[in-house]
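What follows is a single structure, written as structure tokens, with notes after it.
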Amino acid sequence: MTAVLEVNDLKHRFGDVEALVGVSLSVDEGEFVALLGPNGAGKTTLVRSVTGLIKPTSGAIFVAGGDPAKAGVRQRLGVVQQDVGFPRTLRVGEVVEGAAARAGAGPETAHRALHEMGLDTVRKRRASDLSGGQQQRLQLAMGLVADPVLLVLDEPTVGLDVAARRAFWQTLAERRRRGTGILLTTHIVEEAAAVADRVVVLDGGTIVAEGTPAELKRILPGRRISARTTAPIEAIRAVDEVVSALVEDDTLVVTAIHAEPVVRVLFELDRNLSDLEVTTPSLDEVLVELTSDKTEVAA
Amino acid sequence: MTAQMMKLEVRDELLAILREPAALFFSVLMPVLFYTMFIGIFGPGGATDASIIAPYGTFAVLAVVMLSPGIGLADARDRGWLRVKRVSGTPLWMTLLAKVIAAIPYALAVLVAMTVAAVLIGSMTVDVGVLLRVFAVLVLGALPFALFSLAVGARAGTTASSAILNAVLMPMVIASGLWFPLEIMPDWVASIGAVLPTYHLAELAMVQVEGGPWLGHLAVVGLTAVVGAVVAGVAYRSARP
């Protein structure tokens, strides 16, 4: 596989604040990488460095082998940014046709991208009059006209309803099949787990974990067992492999290294227990554990 | 590719002007209304040539060239649209240059409207050659002011840019005698006006009609361009993306 993005030992300082402390990562052709971490982890700084908006203090970035600080290299990127407002004076069609022309493509490419994102019916409307979800799709349409080697998506599904979100992921899946690499930041952790090949967790400007969603879930060993039961909580706490046990809304919730000994004891103590559930930790929980900000899980 | 990108940038900027009727009203009609009102109060001073419109024309062109690029740039920055342009591979200098280029036809439109008003109310005799020279001096001479406008737009938000640029422009316009003749102003105002680039731009336009020394006026306008370029360069370098 050829890397479409390579980030080597990237450092960035804002005055006394170290926003990135030696970050290295890569995205291969057709690979989908999700970037997660709490607010202030350095995700925006990383995205802005990759898209050539800011110059890193040190380190190197290559997009398709070139430096994204150069305008010609940035033309090979498709980008959906956060907090973008379109000008009041441009129509949807004009915005996408402009993006196509800037990428050296013709109006037919723009029309295809508008169709792909379901925006053909609003092409004559002012871009700023579109709903938040439509504006997100418009940005993606702009990003797709360049037939990019790398798509950088910063919170792309904010404001999209379920159907639009599904269509959005389908579009991206199609692009991946054609070899486009994708770097995504999102607040919706389970969404990232569902679509990404690899998850990179950033905290305090450094990568604290990296792997497939399944690999990351294995970072937190153990199972969560819950049931409605009359079994005494002290007896459950006495089981060797139990880490914690408490009662929440008439339900016993147990965290244990392995589920089987707990389940066995529960059945011995209460044959009539109900609503038994055994689950693995969610990626949300893993992130809380991995990052310094335990109060919030955010991308 | 570069020419195609530039064409698009200019097109977007021109559409931004044409599709904002309120901005057109204030930038084109207001100077013409001011002109009509002041000519009504002070009279044309016996002039029947293009000297009637030189001072008011200077004001009208500066109002466009000093306000439009800077406020447009601040708005694009506030919206995040400038970031979109930059990641699309459009060089920043092209976006900025397009804003200045788009202001030129806008400024010419104001001058034409003012000329029509001057002919209608002031019985101005049109000498096409002189008029074209006045237009050329005013439009080209106003471009250095666009650099200051862009410098403000690169650092301040939309509302602040509008306030700052108006706060700079209006006192300069009054102290340079572009609205009221300097003869009726206190001496201290006239002495301030004599060092302002706006005054020298108006005088350079006046020289096209009445003749006289022009090198000093041109030097001040040229110096304005150099200082403007330095200020703008510093502002862009430290501006947030």
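Letters for chains follow the order of the structure tokens (A, B, ...), residue numbers begin at 1 for each chain, and ligand numbers begin at 1 in the order shown.
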| task | Residues of chain B near chain A: apply a cut-off of 12 Å, count only C-alpha atoms, and supply the list as a PyMOL selection string. | result | chain B and resi 1-21+72-94+237-241
| Mind checking DSSP for range 9-252 of chain A and telling me the alpha helix (DSSP H) residues as number ranges by chain? | A: 43-50, 71-74, 92-102, 107-116, 132-144, 162-177, 189-195, 213-217, 233-237
Write a file of the selected residues as a compact mmCIF listing (two decimals), in the first residue's frame, keeping C-alpha atoms.
# COMPACT_ATOMS: atom_id res chain seq x y z
CA LYS A 43 -6.60 17.36 16.64
CA THR A 44 -7.41 20.71 15.04
CA THR A 45 -3.75 21.71 15.00
CA LEU A 46 -2.90 18.41 13.33
CA VAL A 47 -5.69 18.78 10.76
CA ARG A 48 -4.69 22.37 10.01
CA SER A 49 -1.07 21.31 9.58
CA VAL A 50 -2.04 18.47 7.25
CA ALA A 71 -0.83 25.18 -3.22
CA GLY A 72 -0.36 22.53 -5.93
CA VAL A 73 -0.19 19.73 -3.33
CA ARG A 74 -3.28 21.03 -1.51
CA VAL A 92 -24.59 26.23 -4.66
CA GLY A 93 -23.77 25.44 -8.31
CA GLU A 94 -21.30 28.30 -8.52
CA VAL A 95 -19.51 27.16 -5.36
CA VAL A 96 -18.99 23.59 -6.62
CA GLU A 97 -18.20 24.65 -10.21
CA GLY A 98 -15.62 27.04 -8.75
CA ALA A 99 -14.08 24.24 -6.68
CA ALA A 100 -13.96 22.02 -9.79
CA ALA A 101 -12.31 24.72 -11.87
CA ARG A 102 -9.74 25.39 -9.14
CA PRO A 107 -18.38 21.73 -14.88
CA GLU A 108 -19.53 18.15 -15.60
CA THR A 109 -17.39 16.99 -12.61
CA ALA A 110 -19.14 19.58 -10.47
CA HIS A 111 -22.56 18.38 -11.63
CA ARG A 112 -21.60 14.79 -10.81
CA ALA A 113 -20.46 15.78 -7.30
CA LEU A 114 -23.68 17.74 -6.74
CA HIS A 115 -25.68 14.70 -7.83
CA GLU A 116 -23.57 12.36 -5.66
CA GLY A 132 -26.46 22.90 8.30
CA GLY A 133 -26.60 19.35 6.96
CA GLN A 134 -26.81 20.53 3.34
CA GLN A 135 -23.85 22.84 3.91
CA GLN A 136 -21.82 19.87 5.20
CA ARG A 137 -22.74 17.93 2.06
CA LEU A 138 -21.85 20.95 -0.06
CA GLN A 139 -18.40 21.02 1.51
CA LEU A 140 -17.97 17.33 0.77
CA ALA A 141 -19.10 17.91 -2.83
CA MET A 142 -16.41 20.61 -3.08
CA GLY A 143 -13.87 18.18 -1.65
CA LEU A 144 -14.82 15.38 -4.05
CA VAL A 162 -29.66 9.62 10.16
CA ALA A 163 -30.51 9.15 6.48
CA ALA A 164 -28.06 11.84 5.37
CA ARG A 165 -25.38 10.36 7.62
CA ARG A 166 -25.90 6.92 6.09
CA ALA A 167 -25.68 8.37 2.56
CA PHE A 168 -22.55 10.25 3.61
CA TRP A 169 -20.77 7.08 4.79
CA GLN A 170 -21.84 5.25 1.62
CA THR A 171 -20.26 7.99 -0.49
CA LEU A 172 -17.06 7.69 1.51
CA ALA A 173 -17.07 3.88 1.22
CA GLU A 174 -17.29 4.25 -2.57
CA ARG A 175 -14.35 6.69 -2.56
CA ARG A 176 -12.29 4.32 -0.42
CA ARG A 177 -12.85 1.54 -2.94
CA VAL A 189 -16.91 7.65 18.91
CA GLU A 190 -19.03 4.61 18.05
CA GLU A 191 -19.45 5.99 14.53
CA ALA A 192 -15.68 6.13 14.18
CA ALA A 193 -15.47 2.56 15.49
CA ALA A 194 -17.99 1.43 12.88
CA VAL A 195 -16.36 3.01 9.83
CA PRO A 213 -11.35 -0.45 17.10
CA ALA A 214 -11.32 -4.08 18.33
CA GLU A 215 -7.70 -3.79 19.48
CA LEU A 216 -8.46 -0.61 21.39
CA LYS A 217 -11.43 -2.17 23.14
CA ILE A 233 -23.91 -7.53 46.92
CA GLU A 234 -21.33 -8.51 49.57
CA ALA A 235 -21.33 -12.07 48.22
CA ILE A 236 -20.66 -10.80 44.72
CA ARG A 237 -17.88 -8.50 45.91
| request: Please identify all polymer residues within 8 Å of range 265-272 of chain A, counting only C-alpha atoms, omitting same-chain residues fewer than 5 positions from it, and present them as an MDAnalysis selection string. | output: chainID A and resid 229:231 236 239
Only C-alpha atoms, please: the residues just picked out, written as a compact mmCIF listing (two decimals), in the first residue's frame.
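Here's the written file result-v7.txt:
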# COMPACT_ATOMS: atom_id res chain seq x y z
CA THR A 229 -31.27 -10.04 41.36
CA THR A 230 -31.80 -10.62 45.05
CA ALA A 231 -28.23 -11.93 45.46
CA ILE A 236 -20.66 -10.80 44.72
CA VAL A 239 -15.79 -13.21 44.14
| said: Would you pick out the contacts of Leu169 in chain B at 10 Å or less, using only C-alpha atoms, so that residues sharing its chain but fewer than 6 positions from it are not included, and give the list as a ChimeraX atom specification? | reply: /B:59,62-63,66-67,145,163,198
May I have the residues from that selection written out with C-alpha atoms, as a compact mmCIF listing (two decimals), in the first residue's frame?
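Saved the output as again33.txt:
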# COMPACT_ATOMS: atom_id res chain seq x y z
CA PHE B 59 -14.11 60.52 -1.61
CA LEU B 62 -11.82 55.89 -1.53
CA ALA B 63 -15.10 54.82 0.07
CA MET B 66 -10.88 51.44 1.34
CA LEU B 67 -13.99 49.75 2.65
CA PHE B 145 -5.38 52.60 0.17
CA ALA B 163 -15.76 50.59 12.21
CA THR B 198 -6.14 61.68 0.53
| task | Between CA of Ala41 in chain A and CA of Thr279 in chain A, measure the distance and give it in Å to one decimal. | result | 28.7 Å
| field | Long-range neighbours of range 30-40 of chain B as a list in words, 8 Å cut-off, only C-alpha atoms, 6 positions minimum in chain | value |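 Once the adjacent positions are removed, what remains is Tyr56, Phe59, Ala60, Val110, Ala113, Met114, Ala117, Ala118, Ile121, Gly122, Trp179 and Phe180 of chain B.
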Prev. selection, C-alpha atoms, output as a JSON list (two decimals), in the first residue's frame:
[["chain", "number", "residue", "atom", "x", "y", "z"],
["B", 56, "TYR", "CA", -16.09, 64.30, -4.30],
["B", 59, "PHE", "CA", -14.11, 60.52, -1.61],
["B", 60, "ALA", "CA", -16.38, 58.19, -3.59],
["B", 110, "VAL", "CA", -19.39, 55.46, -8.78],
["B", 113, "ALA", "CA", -22.78, 58.02, -11.65],
["B", 114, "MET", "CA", -21.24, 61.14, -10.15],
["B", 117, "ALA", "CA", -25.17, 63.83, -11.64],
["B", 118, "ALA", "CA", -22.64, 66.64, -12.27],
["B", 121, "ILE", "CA", -27.14, 69.53, -11.86],
["B", 122, "GLY", "CA", -23.95, 71.42, -12.49],
["B", 179, "TRP", "CA", -16.55, 67.31, 1.38],
["B", 180, "PHE", "CA", -16.22, 70.94, 2.42]]
| So how far away is CA of Ala229 in chain B from CA of Pro144 in chain B, in Å? | 7.8 Å
| Which is closest to Thr2 in chain A among A:Gly204, A:Gly40, A:Gly30, A:Gly59, if we use only C-alpha atoms? |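 Using only C-alpha atoms, Thr2 in chain A sits closest to A:Gly30.
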